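Since the structure comes first, as structure tokens, the remarks are kept for the end.
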Amino acid sequence: MIVMKFGGTSVGVPGNFDRASRLVAARTALDPVVVVSALAGVTNLLADFCRDARARPEVAGRMIERHESFAIETAVPVAAIRALLDAWVAEAGAWADRPEPITGADRDRVLSFGERLSAALFAAGLTALGAEARAVHAGEAGLVTDDRFGAAHPLPESFARVKDSLLRRPPIPVVTGFIGATLDGRVTTLGRGGSDYSAALIGAALEAEEIQIWTDTSGLLSADPRLVPEARAVPALSFAEASELAYFGAHVLHPKTLLPAMERDIPVRVLNTARPDDPGSLITPVSGPSDSPWHVKSIACKKRITAVTIVSTRMLLAHGFLARVFEVFGRHHVVVDLVTTSEVSISVTVDDTSRLEAAIAELEGIGRVEVREGLAVVAVVGEGAPQKIGLAGHLFTLLGGVGIAVEMISQGASRVNLSFVVRDEDADRAVRLLHRGLGLDVEVSVEKASRAMR
Ligand code: ADP
Ligand code: ASP
Ligand code: MG
């Protein structure tokens, strides 16, 4: 069997919805299990509903209008989503007179309407094509999680439960991405962009032959195409390469997606719903060739990063200093990305700063703490690239040539990733410059290249 996951733009644009359903219907012999995201923009709309009490009446109406007109445009009977729309009206009504933001378990239940509605639409669309399908709520199908609402972790028993409940096929299960449920049945969400992760978890549970991520680009590209129009698909990547890229900002895959696939050696393929004949990217345990003489496959970038430096002259030759620093970060649940040390200081970068303040207060007992905001991590990824003699020199000469200062460097800790920190406002320019300078652009017109250098 295979898992076919369709993202928001794949299911949320009528033409693509049609293409996506035909793609599944054409693969019934491969025994597909489908995973869908909410229609494009719907999760943002629901997040607005939670945040802004004044916007609620308008958003509540837009949700109904959007899904009803989508059903009509795609020739799906509105009856297929009637019960869910009624449930939405009841949910929205319950919040009408309450001025407070919606948080925690309530917020996850509100957000879940996006995926529940799109799964119902997609299952009805497939059935209309003659491929009998049923919509499945992932939480009800056994994807059980802890109760960290907004960023829930799947529990180990999920695998056996999902396997059991999705055993009966056909009808083709069309499973909601992004959501799960606690053991006592409250809806949870896996974090924004989490439908990719759902697909991988379901693929691992069912021991799929392949997990397909159908999206709006022809694979995992050599850079974010919004930043580098010349970016092209990387035909083959290793799990390690793709994980680093997803973690350091390649939005096309949720950072956790590859873990379940990696554990069970299931290939992940990234494909374009609008151009299904393009080969896309295949992610497996082994890395494929790179066009770049530097072995680089792709460049990712994560913005709005904060650097924390702890300076302590006492660190000089002191054992246990690093352990103390990381113990503080760990206890406050601060996730650290990059680390560099010197004899008297340690610098780390942090993406999510929501719990940083309390950690800093404690770190001040260990040494002098400096915090710098407005930074970006750029990750240059490719198997063997960090070990390639001359790469670092070449890279920093390129950046220095246009006056981009490098604030921190992390090289050699991994075989696949060389990352460094620049100021936020330099990040886009750095990615474009390196994409060209490392030989990842092909057939660049003079006009495009000069635009990229600006
Ligand atoms: P979906 O709705 O299918 O989950 P997303 O919007 O989450 O799609 O992810 C696809 C988008 O990720 C692309 O349209 C592109 O803008 C962005 N992206 C960033 N980096 C990359 C990359 N290296 N390769 C492909 N897409 C990327
Ligand atoms: N719909 C969810 C989001 O927008 C999950 C996803 O698209 O993967 O975050
Ligand atoms: Mg996505």
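Please note that chains go A, B, ... in the order of the structure tokens, that every chain numbers its residues from 1, and that ligands are numbered from 1 in the order shown.
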Dump the neighbourhood of ligand 2 as a VMD selection string: all residues within 6 Å, distances computed on only C-alpha atoms and all ligand atoms.
chain A and resid 7 to 8 37 to 38 43 178 192 to 196
Could you dump the residues just selected with all heavy atoms as a short mmCIF file (atom, residue, chain, number, x, y, z; two decimals), in the first residue's frame?
```cif
data_model
loop_
_atom_site.label_atom_id
_atom_site.label_comp_id
_atom_site.auth_asym_id
_atom_site.auth_seq_id
_atom_site.Cartn_x
_atom_site.Cartn_y
_atom_site.Cartn_z
N GLY A 7 -1.56 18.44 0.22
CA GLY A 7 -1.53 19.66 1.04
C GLY A 7 -2.64 20.63 0.69
O GLY A 7 -3.48 20.36 -0.19
N GLY A 8 -2.65 21.76 1.38
CA GLY A 8 -3.72 22.74 1.26
C GLY A 8 -3.95 23.24 -0.16
O GLY A 8 -5.11 23.36 -0.59
N SER A 37 -4.80 17.81 4.03
CA SER A 37 -4.79 19.03 4.85
C SER A 37 -6.11 19.76 4.64
O SER A 37 -6.87 19.44 3.73
CB SER A 37 -3.68 19.98 4.37
OG SER A 37 -2.44 19.40 4.53
N ALA A 38 -6.30 20.80 5.43
CA ALA A 38 -7.44 21.69 5.21
C ALA A 38 -7.27 22.41 3.87
O ALA A 38 -6.16 22.52 3.35
CB ALA A 38 -7.48 22.72 6.33
N THR A 43 -6.86 26.89 7.72
CA THR A 43 -6.31 26.83 9.09
C THR A 43 -5.98 28.24 9.59
O THR A 43 -6.19 28.55 10.77
CB THR A 43 -5.08 25.90 9.14
OG1 THR A 43 -5.46 24.66 8.55
CG2 THR A 43 -4.62 25.65 10.57
N PHE A 178 -2.78 16.47 10.32
CA PHE A 178 -2.64 17.55 11.30
C PHE A 178 -3.25 17.26 12.66
O PHE A 178 -2.82 17.81 13.65
CB PHE A 178 -3.28 18.82 10.69
CG PHE A 178 -3.21 20.08 11.48
CD1 PHE A 178 -2.02 20.54 12.04
CD2 PHE A 178 -4.36 20.87 11.65
CE1 PHE A 178 -1.98 21.75 12.74
CE2 PHE A 178 -4.32 22.07 12.34
CZ PHE A 178 -3.13 22.52 12.88
N ARG A 192 1.66 23.42 13.28
CA ARG A 192 1.37 23.92 11.94
C ARG A 192 2.18 23.17 10.88
O ARG A 192 3.35 22.85 11.10
CB ARG A 192 1.65 25.44 11.85
CG ARG A 192 0.68 26.32 12.63
CD ARG A 192 -0.79 26.08 12.31
NE ARG A 192 -1.14 26.24 10.91
CZ ARG A 192 -1.54 27.38 10.36
NH1 ARG A 192 -1.62 28.48 11.08
NH2 ARG A 192 -1.87 27.42 9.09
N GLY A 193 1.55 22.88 9.78
CA GLY A 193 2.21 22.12 8.71
C GLY A 193 2.29 20.63 9.02
O GLY A 193 2.96 19.88 8.31
N GLY A 194 1.57 20.19 10.06
CA GLY A 194 1.74 18.83 10.57
C GLY A 194 1.13 17.70 9.76
O GLY A 194 1.30 16.53 10.10
N SER A 195 0.43 18.01 8.68
CA SER A 195 -0.17 16.91 7.89
C SER A 195 0.89 16.01 7.26
O SER A 195 0.65 14.82 7.06
CB SER A 195 -1.04 17.47 6.77
OG SER A 195 -2.12 18.17 7.30
N ASP A 196 2.05 16.57 6.94
CA ASP A 196 3.14 15.73 6.41
C ASP A 196 3.52 14.69 7.45
O ASP A 196 3.74 13.52 7.13
CB ASP A 196 4.40 16.58 6.13
CG ASP A 196 4.15 17.72 5.17
OD1 ASP A 196 3.35 17.55 4.24
OD2 ASP A 196 4.75 18.80 5.37
#
```
Residue contacts of range 80-95 of chain A (8 Å, only C-alpha atoms) excluding same-chain residues fewer than 5 positions away, as number ranges by chain
A: 56-57, 60, 64, 110, 113, 116-117, 120-121, 124
So, counting only C-alpha atoms and all ligand atoms, which residue among A:Thr273, A:Thr189, A:Thr309, A:Thr74 is closest to ligand 1?
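Nearest candidate to ligand 1 out of A:Thr273, A:Thr189, A:Thr309, A:Thr74: A:Thr273.
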Counting only C-alpha atoms and all ligand atoms, the residue among A:Ala119, A:Leu245, A:Val162, A:Ala29 that lies closest to ligand 1 is A:Leu245
Site check for ligand 1: residues at most 7 Å away, only C-alpha atoms and all ligand atoms, as a PyMOL selection string
chain A and resi 6-10+40+193+196+214-217+219-226+249-253+298+300
So which residues touch range 285-296 of chain A within 6 Å, counting only C-alpha atoms, skipping near sequence neighbours fewer than 4 positions away, as a PyMOL selection string?
chain A and resi 236-239+381-382+385+439-440
Which residues, written as a list in words, have at least one atom at most 10 Å from Phe159 in chain A, with only C-alpha atoms counted and residues fewer than 4 positions away on the same chain left out?
Gly142, Leu143, Val144, Pro154, Leu155, Lys163, Asp164, Leu201, Ile202, Gly203, Ala204, Ala205, Leu206 and Glu207 of chain A
Write out as a PyMOL selection string each polymer residue whose atoms come within 12 Å of Met1 in chain A, counting only C-alpha atoms; drop sequence neighbours fewer than 4 positions from it.
chain A and resi 27-34+166-167+169-170+172-173+202-212+266
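The residue that comes closest to Ser312 in chain A, out of A:Asp108, A:Glu100, A:Asp146, A:Glu343 and on the basis of only C-alpha atoms, is A:Glu343.
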Write out as a list in words the residues lying within 7 Å of Arg423 in chain A, counting only C-alpha atoms and excluding same-chain residues fewer than 6 positions away.
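Near Arg423 in chain A, the qualifying residues are Gly374, Leu375 and Ala376 of chain A.
The nearest approach to ligand 3 among the residues A:Ala181, A:Tyr197, A:Arg107, A:Ala79, with only C-alpha atoms and all ligand atoms taken into account, belongs to A:Tyr197.
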If you count only C-alpha atoms, which residues fall within 8 Å of range 66-68 of chain A, apart from same-chain ones fewer than 4 positions away, as a list in words?
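Selected residues are Arg62, Ile72, Val78 and Leu117 of chain A.
Proximity to ligand 3 was assessed for A:Leu433, A:Ala55, A:Val36, A:Ala307 counting only C-alpha atoms and all ligand atoms; the smallest distance is recorded for A:Val36.
The residue that comes closest to Val175 in chain A, out of A:Glu132, A:Asp147, A:Glu115, A:Glu65 and on the basis of only C-alpha atoms, is A:Glu115.
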